[in-house]
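Below is the file input_31.txt, which contains compact mmCIF, C-alpha atoms.
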# COMPACT_ATOMS: atom_id res chain seq x y z
CA MET L 29 138.86 7.78 -269.21
CA ASN L 30 138.48 10.89 -267.11
CA ARG L 31 134.78 10.34 -266.64
CA TRP L 32 135.39 6.75 -265.60
CA LEU L 33 137.83 7.82 -262.91
CA LEU L 34 135.40 10.40 -261.62
CA CYS L 35 132.71 7.75 -261.37
CA MET L 36 134.96 5.42 -259.39
CA GLY L 37 136.02 8.25 -257.11
CA ALA L 38 132.40 9.13 -256.34
CA LEU L 39 131.58 5.52 -255.62
CA LEU L 40 134.55 5.15 -253.30
CA LEU L 41 133.61 8.34 -251.50
CA SER L 42 130.05 7.19 -250.85
CA PHE L 43 131.32 3.83 -249.60
CA SER L 44 133.70 5.37 -247.12
CA ALA L 45 131.03 7.82 -245.99
CA ALA L 46 128.72 4.90 -245.26
CA LEU L 47 131.48 3.16 -243.35
CA LEU L 48 132.27 6.25 -241.32
CA ALA L 49 128.67 6.90 -240.35
CA GLN L 50 128.27 3.26 -239.30
CA GLN L 51 124.61 3.76 -238.57
CA VAL L 52 123.05 0.42 -237.73
CA THR L 53 119.39 -0.42 -237.63
CA TYR L 54 118.01 -3.23 -235.51
CA ASP L 55 114.56 -4.03 -234.18
CA GLY L 56 113.22 -0.82 -235.71
CA HIS L 57 115.78 1.27 -233.83
CA GLU L 58 118.76 3.19 -235.14
CA PHE L 59 122.11 2.92 -233.39
CA ASP L 60 125.22 5.05 -233.68
CA ASN L 61 127.50 2.04 -233.82
CA GLU L 62 127.66 -1.74 -233.79
CA GLN L 63 128.63 -1.87 -230.11
CA GLN L 64 125.40 -0.14 -229.04
CA ARG L 65 123.35 -2.46 -231.20
CA ARG L 66 125.01 -5.51 -229.69
CA THR L 67 124.43 -4.28 -226.12
CA TYR L 68 120.78 -3.65 -226.92
CA GLU L 69 120.35 -7.06 -228.53
CA ALA L 70 121.95 -8.81 -225.55
CA LEU L 71 119.72 -6.84 -223.17
CA ILE L 72 116.40 -7.63 -224.81
CA LYS L 73 117.33 -11.31 -224.96
CA GLU L 74 118.40 -11.40 -221.32
CA LEU L 75 115.63 -9.34 -219.79
CA ARG L 76 112.44 -11.17 -218.93
CA CYS L 77 108.94 -9.88 -219.48
CA PRO L 78 107.24 -9.64 -216.03
CA LYS L 79 103.79 -9.85 -217.57
CA CYS L 80 104.51 -13.09 -219.45
CA GLN L 81 105.21 -16.66 -218.48
CA ASN L 82 108.83 -17.37 -219.41
CA GLN L 83 109.45 -15.02 -222.33
CA ASN L 84 112.20 -12.51 -222.85
CA ILE L 85 111.28 -8.98 -223.86
CA ALA L 86 112.62 -9.56 -227.38
CA ASP L 87 110.04 -12.27 -228.06
CA SER L 88 107.08 -10.76 -226.23
CA ASN L 89 104.46 -8.51 -227.75
CA ALA L 90 103.10 -7.51 -224.35
CA PRO L 91 102.84 -3.71 -223.98
CA LEU L 92 105.06 -3.90 -220.92
CA ALA L 93 107.77 -5.72 -222.91
CA GLU L 94 107.50 -2.97 -225.52
CA ASP L 95 107.96 -0.34 -222.81
CA MET L 96 110.97 -2.19 -221.43
CA ARG L 97 112.58 -2.46 -224.88
CA GLU L 98 112.01 1.25 -225.43
CA ARG L 99 113.52 2.06 -222.02
CA ALA L 100 116.50 -0.20 -222.70
CA TYR L 101 117.03 1.48 -226.09
CA GLN L 102 116.93 4.97 -224.60
CA MET L 103 119.35 4.01 -221.84
CA VAL L 104 121.80 2.39 -224.27
CA MET L 105 121.66 5.46 -226.50
CA ALA L 106 122.30 7.64 -223.45
CA GLY L 107 125.55 5.75 -222.95
CA GLN L 108 124.52 3.48 -220.08
CA SER L 109 126.25 0.14 -219.79
CA LYS L 110 124.50 -3.21 -220.06
CA GLN L 111 124.81 -3.77 -216.31
CA GLN L 112 123.34 -0.34 -215.55
CA VAL L 113 120.26 -1.14 -217.63
CA ILE L 114 119.88 -4.53 -215.94
CA ASP L 115 120.23 -2.96 -212.47
CA TYR L 116 117.62 -0.38 -213.41
CA MET L 117 115.11 -3.02 -214.47
CA VAL L 118 115.81 -5.29 -211.50
CA ALA L 119 115.35 -2.36 -209.09
CA ARG L 120 111.78 -2.00 -210.39
CA TYR L 121 110.70 -5.48 -211.43
CA GLY L 122 112.92 -7.69 -209.26
CA ASN L 123 115.24 -10.55 -210.17
CA PHE L 124 112.29 -12.04 -212.03
CA ALA L 125 113.04 -9.59 -214.83
CA HIS L 126 116.53 -10.98 -215.47
CA TYR L 127 117.28 -14.43 -216.83
CA LYS L 128 120.61 -14.58 -214.97
CA PRO L 129 119.74 -14.10 -211.31
CA PRO L 130 122.62 -13.09 -209.01
CA PHE L 131 124.14 -15.53 -206.54
CA ASN L 132 122.93 -14.73 -203.01
CA ALA L 133 121.44 -16.49 -199.99
CA PHE L 134 118.00 -16.47 -201.60
CA THR L 135 119.11 -17.97 -204.93
CA ALA L 136 121.86 -20.26 -203.61
CA VAL L 137 119.65 -23.36 -203.91
CA LEU L 138 118.93 -22.50 -207.52
CA TRP L 139 122.61 -22.35 -208.40
CA LEU L 140 123.94 -25.14 -206.19
CA ALA L 141 121.22 -27.79 -206.40
CA PRO L 142 122.32 -29.18 -209.81
CA LEU L 143 125.92 -29.40 -208.60
CA VAL L 144 124.93 -31.15 -205.35
CA ILE L 145 122.67 -33.61 -207.15
CA ALA L 146 125.37 -34.44 -209.73
CA LEU L 147 127.94 -34.96 -206.96
CA ALA L 148 125.57 -37.18 -204.97
CA GLY L 149 124.92 -39.24 -208.11
CA ILE L 150 128.64 -39.74 -208.74
CA ILE L 151 129.27 -40.77 -205.13
CA ILE L 152 126.41 -43.27 -205.14
CA ALA L 153 127.52 -44.72 -208.47
CA LEU L 154 131.11 -45.10 -207.25
CA ARG L 155 130.03 -46.82 -204.03
CA LEU L 156 127.73 -49.23 -205.81
CA SER L 157 130.40 -50.25 -208.32
CA ARG L 158 132.96 -50.78 -205.56
CA LYS L 159 130.57 -52.96 -203.58
CA ARG L 160 129.87 -55.13 -206.60
CA SER L 161 133.55 -55.77 -207.31
CA GLN L 162 134.25 -56.92 -203.74
CA PRO L 163 134.57 -60.76 -203.41
CA VAL L 164 131.78 -62.26 -201.40
CA ALA L 165 133.09 -63.44 -198.04
CA LEU L 166 131.24 -66.21 -196.26
CA SER L 167 130.86 -66.28 -192.50
CA ASP L 168 132.07 -69.33 -190.53
CA GLU L 169 128.56 -70.64 -190.29
CA GLU L 170 128.04 -70.28 -194.02
CA GLN L 171 131.35 -72.06 -194.70
CA ARG L 172 130.21 -74.98 -192.59
CA GLU L 173 126.90 -75.10 -194.42
CA LEU L 174 128.72 -75.06 -197.74
CA ALA L 175 130.96 -77.91 -196.64
CA GLN L 176 127.90 -79.88 -195.60
CA LEU L 177 126.23 -79.29 -198.94
CA LYS L 178 129.33 -80.39 -200.78
CA GLU L 179 129.53 -83.49 -198.63
CA ARG L 180 125.90 -84.30 -199.30
CA SER L 181 126.25 -83.87 -203.06
CA LYS L 182 129.17 -86.26 -203.03
CA HIS L 183 127.08 -89.00 -201.39
CA ASP L 184 124.11 -88.54 -203.73
CA MET Z 6 124.35 -59.50 -190.69
CA SER Z 7 125.48 -56.87 -188.19
CA GLU Z 8 123.24 -54.33 -186.51
CA THR Z 9 124.80 -51.27 -188.15
CA GLN Z 10 124.60 -52.83 -191.58
CA ASN Z 11 120.95 -53.58 -191.00
CA LYS Z 12 120.30 -49.99 -190.01
CA ARG Z 13 122.02 -48.74 -193.09
CA ARG Z 14 119.91 -50.97 -195.30
CA TRP Z 15 116.74 -49.50 -193.83
CA TRP Z 16 118.10 -46.08 -194.47
CA VAL Z 17 118.84 -46.82 -198.10
CA LEU Z 18 115.40 -48.38 -198.48
CA PHE Z 19 113.57 -45.34 -197.15
CA ALA Z 20 115.74 -42.59 -198.59
CA PRO Z 21 113.85 -42.52 -201.90
CA LEU Z 22 110.55 -42.31 -200.03
CA VAL Z 23 111.79 -39.35 -198.00
CA VAL Z 24 113.04 -37.62 -201.15
CA PHE Z 25 109.74 -38.34 -202.87
CA ALA Z 26 107.72 -36.92 -199.97
CA GLY Z 27 109.87 -33.79 -200.00
CA LEU Z 28 109.30 -33.34 -203.72
CA VAL Z 29 105.55 -33.82 -203.33
CA VAL Z 30 105.37 -31.06 -200.73
CA PHE Z 31 107.53 -28.74 -202.85
CA LEU Z 32 105.61 -29.35 -206.07
CA LEU Z 33 102.17 -29.17 -204.43
CA LYS Z 34 103.12 -25.76 -203.09
CA GLY Z 35 104.03 -24.69 -206.61
CA LEU Z 36 100.74 -26.05 -207.92
CA GLY Z 37 98.74 -23.85 -205.57
CA SER Z 38 100.62 -20.62 -206.24
CA ASP Z 39 99.64 -18.28 -209.04
CA PRO Z 40 102.65 -17.77 -211.35
CA THR Z 41 101.26 -14.48 -212.63
CA ARG Z 42 101.57 -12.93 -209.16
CA LEU Z 43 104.88 -11.28 -208.53
CA GLU Z 44 106.33 -9.97 -205.32
CA SER Z 45 107.02 -6.27 -205.58
CA VAL Z 46 110.65 -5.34 -204.94
CA LEU Z 47 109.52 -1.94 -203.71
CA ILE Z 48 108.04 -3.25 -200.47
CA ASP Z 49 109.49 -1.27 -197.52
CA GLN Z 50 111.03 1.20 -199.96
CA PRO Z 51 110.10 4.88 -200.12
CA VAL Z 52 107.80 5.85 -202.99
CA PRO Z 53 109.92 6.49 -206.10
CA LYS Z 54 110.41 10.01 -207.41
CA PHE Z 55 108.11 11.02 -210.23
CA GLU Z 56 106.24 13.86 -211.87
CA ALA Z 57 102.71 13.49 -213.15
CA VAL Z 58 99.99 15.86 -214.26
CA ASP Z 59 96.43 15.94 -212.99
CA LEU Z 60 94.00 13.90 -215.07
CA PHE Z 61 91.46 16.74 -215.15
CA ASN Z 62 93.89 19.62 -215.41
CA THR Z 63 97.16 18.92 -217.22
CA ASP Z 64 98.62 22.24 -216.05
CA LYS Z 65 98.67 20.92 -212.51
CA VAL Z 66 101.81 18.90 -211.77
CA TYR Z 67 102.19 16.48 -208.87
CA SER Z 68 105.29 14.81 -207.46
CA GLU Z 69 105.78 11.83 -205.18
CA GLU Z 70 105.03 14.18 -202.25
CA VAL Z 71 101.34 13.61 -202.95
CA LEU Z 72 101.80 10.01 -201.74
CA LYS Z 73 103.45 11.03 -198.47
CA GLN Z 74 100.23 12.19 -196.83
CA GLY Z 75 99.16 8.68 -195.95
CA PRO Z 76 98.38 6.14 -194.92
CA LEU Z 77 96.69 5.83 -198.27
CA LEU Z 78 96.09 3.54 -201.20
CA MET Z 79 97.32 4.10 -204.73
CA ASN Z 80 95.20 2.38 -207.32
CA VAL Z 81 96.50 1.78 -210.86
CA TRP Z 82 93.66 1.70 -213.37
CA ALA Z 83 92.64 2.24 -216.99
CA THR Z 84 89.42 2.20 -218.99
CA TRP Z 85 90.72 -0.70 -221.14
CA CYS Z 86 90.96 -2.87 -218.03
CA PRO Z 87 87.80 -4.90 -217.34
CA THR Z 88 88.92 -5.88 -213.83
CA CYS Z 89 89.25 -2.18 -212.99
CA ARG Z 90 85.61 -1.75 -213.88
CA ALA Z 91 84.74 -4.71 -211.65
CA GLU Z 92 86.47 -3.19 -208.63
CA HIS Z 93 85.40 0.40 -209.23
CA GLU Z 94 82.17 0.24 -207.24
CA PHE Z 95 84.02 -1.20 -204.27
CA LEU Z 96 86.61 1.58 -204.47
CA ASN Z 97 83.69 4.05 -204.35
CA GLN Z 98 82.55 2.37 -201.14
CA LEU Z 99 86.03 2.52 -199.59
CA SER Z 100 86.24 6.20 -200.51
CA ALA Z 101 82.85 6.81 -198.89
CA GLN Z 102 84.27 5.25 -195.70
CA GLY Z 103 86.91 7.96 -195.78
CA ILE Z 104 89.84 5.92 -197.04
CA PRO Z 105 92.06 8.13 -199.20
CA ILE Z 106 92.82 6.55 -202.58
CA VAL Z 107 95.15 8.13 -205.12
CA GLY Z 108 94.30 7.09 -208.67
CA LEU Z 109 97.00 6.47 -211.26
CA ASN Z 110 95.49 6.40 -214.72
CA TYR Z 111 97.84 4.00 -216.54
CA LYS Z 112 98.40 4.17 -220.31
CA ASP Z 113 94.77 4.82 -221.08
CA ASP Z 114 93.36 5.03 -224.60
CA SER Z 115 92.60 8.71 -224.13
CA ARG Z 116 92.28 11.28 -221.38
CA ALA Z 117 88.70 12.01 -222.43
CA LYS Z 118 87.74 8.36 -221.95
CA ALA Z 119 89.26 8.29 -218.47
CA ILE Z 120 87.47 11.50 -217.44
CA ASP Z 121 84.21 10.17 -218.84
CA TRP Z 122 84.64 6.95 -216.82
CA LEU Z 123 85.05 8.88 -213.56
CA ASN Z 124 82.12 11.17 -214.37
CA THR Z 125 79.76 8.27 -215.04
CA LEU Z 126 80.95 5.63 -212.55
CA GLY Z 127 81.96 7.98 -209.75
CA ASP Z 128 85.35 9.26 -208.68
CA PRO Z 129 86.72 7.48 -205.61
CA TYR Z 130 90.11 9.20 -205.86
CA THR Z 131 91.43 12.04 -203.74
CA VAL Z 132 94.03 12.81 -206.42
CA ASN Z 133 93.97 11.73 -210.06
CA LEU Z 134 97.39 11.20 -211.61
CA TYR Z 135 97.58 10.94 -215.39
CA ASP Z 136 100.26 8.61 -216.74
CA PRO Z 137 99.67 8.18 -220.49
CA GLU Z 138 103.15 6.81 -221.24
CA GLY Z 139 103.30 4.58 -218.18
CA ASN Z 140 106.42 6.36 -216.89
CA VAL Z 141 105.20 6.72 -213.32
CA ALA Z 142 103.93 3.14 -213.30
CA PHE Z 143 107.33 1.95 -214.55
CA GLU Z 144 108.97 3.46 -211.46
CA PHE Z 145 106.61 1.41 -209.30
CA GLY Z 146 107.22 -1.80 -211.24
CA VAL Z 147 103.60 -1.96 -212.34
CA TYR Z 148 103.09 -4.92 -214.67
CA GLY Z 149 99.36 -4.79 -215.15
CA ALA Z 150 96.15 -3.20 -214.02
CA PRO Z 151 94.61 -3.08 -211.56
CA GLU Z 152 97.26 -2.90 -208.88
CA THR Z 153 96.80 -1.29 -205.49
CA TYR Z 154 99.66 -0.05 -203.35
CA PHE Z 155 99.43 0.47 -199.60
CA ILE Z 156 101.55 3.44 -198.58
CA ASP Z 157 102.17 4.40 -194.97
CA ALA Z 158 102.33 7.84 -193.38
CA ASN Z 159 106.07 8.13 -194.09
CA GLY Z 160 105.59 7.51 -197.78
CA THR Z 161 106.92 3.94 -197.63
CA ILE Z 162 105.33 1.28 -199.82
CA ARG Z 163 104.20 -1.49 -197.51
CA TYR Z 164 102.11 -3.79 -199.64
CA ARG Z 165 101.08 -4.35 -203.23
CA HIS Z 166 97.83 -6.02 -204.18
CA VAL Z 167 97.58 -7.36 -207.75
CA GLY Z 168 94.10 -7.79 -209.19
CA ASP Z 169 90.79 -6.35 -208.11
CA VAL Z 170 90.05 -5.17 -204.60
CA ASN Z 171 86.71 -6.61 -203.54
CA GLU Z 172 84.67 -7.13 -200.41
CA ARG Z 173 86.07 -10.60 -199.84
CA ASN Z 174 89.80 -9.86 -200.04
CA TRP Z 175 89.32 -6.50 -198.29
CA ASN Z 176 87.66 -8.16 -195.32
CA ASN Z 177 90.03 -11.12 -195.29
CA LYS Z 178 93.32 -9.34 -195.61
CA LEU Z 179 93.58 -5.86 -197.04
CA GLN Z 180 91.59 -4.01 -194.40
CA GLN Z 181 93.89 -5.40 -191.74
CA ILE Z 182 96.93 -4.10 -193.60
CA TYR Z 183 95.40 -0.65 -193.93
CA GLN Z 184 94.38 -0.54 -190.26
CA GLN Z 185 97.89 -1.54 -189.27
CA LEU Z 186 99.23 1.47 -191.18
CA GLN Z 187 96.66 3.71 -189.47
CA GLN Z 188 97.65 2.46 -186.03
CA GLU Z 189 101.31 3.08 -186.77
CA ALA Z 190 100.49 6.62 -187.89
CA ALA Z 191 98.54 7.28 -184.69
CA GLN Z 192 101.47 6.30 -182.47
What does the file become when written as structure tokens?
Amino acid sequence: MNRWLLCMGALLLSFSAALLAQQVTYDGHEFDNEQQRRTYEALIKELRCPKCQNQNIADSNAPLAEDMRERAYQMVMAGQSKQQVIDYMVARYGNFAHYKPPFNAFTAVLWLAPLVIALAGIIIALRLSRKRSQPVALSDEEQRELAQLKERSKHD
Amino acid sequence: MSETQNKRRWWVLFAPLVVFAGLVVFLLKGLGSDPTRLESVLIDQPVPKFEAVDLFNTDKVYSEEVLKQGPLLMNVWATWCPTCRAEHEFLNQLSAQGIPIVGLNYKDDSRAKAIDWLNTLGDPYTVNLYDPEGNVAFEFGVYGAPETYFIDANGTIRYRHVGDVNERNWNNKLQQIYQQLQQEAAQ
């Protein structure tokens, strides 16, 4: 009985020790806690490899992507926030290196074009449907012509 | 049918054509541009701070001050880079003309290989920076080799050329940029 209790106690102790340490491994890197790992994961999915055509640094094997992952890891471990890492990368590689470009005069078209096109489409669709539902009005001349046609068909 | 209505009909008829023409111009422009060429964000910025050792003598440490004695070129190269080999002879020629070029050896396989390359192919560089981890290059936003930076007398980056420097693009464009920096320095 005593031995059994001791065993359970040891097991419990090791479990709680593991929980306390909370060391997480991801992408071959060790993190102090889950929050750091999540920040790192979000960063490597959001940062874009400048050497590649449309790939984030998580998916790319390019040496530059490796360097950027390493830099992001070091900065996260040094306590930098996600935004600080992004700013750091953008300062060196430009907005190209971030999949969510900021809204400014240069990128306004990028952000607004879909909205403008959708709005234009809705307006055109509304106008067309309204036009179709309007009853067709005949001009005086057309009315006369219609009367004539009716008259003629009666005689035939 | 009234005059204004008529006008509007023409407008509606030709609107798609106008939109189409606009798209053609936009897309043709995209077709001609090279997607692997990126604008450097460091243009008109001062050279970033860094520390790098000399390729030949690792006890000798340089800082960004070495790039403030321009106008000069900074060429990013490595022995694993075939295009660097292609441009090397032309860099030798530029150096012989008295154009100062600082070399940044970028993530090379080994220091010995890089030294051997310069000893056999000639050394066009006034200063040889050794950057095995690519830390200096990272500060410049280097994304490949070769890259050549044009730095003015104040230590401001004025232009970045991606790819090899050769007689054709030097005569067509790059020489003009360098001469512009020289003229500014003379004033």
Tell me which protein, DNA and RNA residues are within 9 Å of Ala93 of chain L, counting all atoms listed in the file, leaving out same-chain ones fewer than 5 positions away, and put them as an MDAnalysis selection string. chainID L and resid 76:80 84:88 98
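From atom CA of Gly103 of chain Z back to atom CA of Val167 of chain Z, the distance works out to 22.2 Å.
Once segment 181-190 of chain Z and its same-chain neighbours fewer than 6 positions away are set aside, Pro76, Asp157 and Ala158 of chain Z remain within 7 Å of it when counting all atoms listed in the file.
Close contacts of Glu62 of chain L, defined as residues with an atom at most 10 Å away when counting all atoms listed in the file, with chain neighbours fewer than 6 positions off set aside, comprise L:Gln50, L:Gln51, L:Val52, L:Thr53, L:Tyr54, L:Tyr68.
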With a distance cut-off of 7 Å and all atoms listed in the file, select the neighbouring residues of segment 142-146 of chain Z, excluding the residue or stretch itself and same-chain residues fewer than 3 positions from it, and output the selection as number ranges by chain. L: 120-121; Z: 53, 111, 139
Using only C-alpha atoms, determine which residues lie at most 8 Å from segment 126-142 of chain L, disregarding the query and same-chain residues fewer than 4 positions distant; provide the list as a PDB file with C-alpha atoms, keeping the file's coordinate frame.
ATOM      1  CA  GLU L  74     118.400 -11.400-221.320  1.00  0.00           C
ATOM      2  CA  LEU L  75     115.630  -9.340-219.790  1.00  0.00           C
ATOM      3  CA  ARG L  76     112.440 -11.170-218.930  1.00  0.00           C
ATOM      4  CA  ILE L 114     119.880  -4.530-215.940  1.00  0.00           C
ATOM      5  CA  VAL L 118     115.810  -5.290-211.500  1.00  0.00           C
ATOM      6  CA  GLY L 122     112.920  -7.690-209.260  1.00  0.00           C
ATOM      7  CA  ALA L 146     125.370 -34.440-209.730  1.00  0.00           C
TER       8      ALA L 146
END
Compare Z:Lys178, Z:Lys54, Z:His166, Z:Arg42 by their minimum atom-to-atom distance to chain L, counting all atoms listed in the file, and give me the closest one. Z:Arg42
Of the residues Z:Glu92, Z:Glu138, Z:Asp64, Z:Asp59, which is the one nearest to chain L, using all atoms listed in the file?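 Using all atoms listed in the file, chain L sits closest to Z:Glu138.
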Expressed in Å to a single decimal, how great is the separation between atom CA of Asn174 of chain Z and atom CA of Pro40 of chain Z?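 Computed distance, atom CA of Asn174 of chain Z to atom CA of Pro40 of chain Z, equals 18.9 Å.
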Pick from L:Lys110, L:Ile150, L:Gly56, L:Val104: nearest to Ala70 of chain L, with only C-alpha atoms counted?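 Of L:Lys110, L:Ile150, L:Gly56, L:Val104, the one nearest Ala70 of chain L, counting only C-alpha atoms, is L:Lys110.
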Find the residue from Z:Val141, Z:Leu77, Z:Val66, Z:Val46 that sits nearest to chain L; use all atoms listed in the file when measuring.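 Smallest separation from chain L among the options: Z:Val46.
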To one decimal place, how far is atom CA of Leu109 of chain Z from atom CA of Asp136 of chain Z in Å? 6.7 Å
Given the point (94.4, 14.0, -205.9) in the file's coordinates, find the residues that have an atom at most 12 Å from it, counting all atoms listed in the file, and give them as number ranges by chain. Z: 57-62, 65-72, 74, 77-80, 105-110, 128-135
Of the residues L:Arg160, L:His57, L:Ser167, L:Glu69, which is the one nearest to chain Z, using only C-alpha atoms? L:Ser167
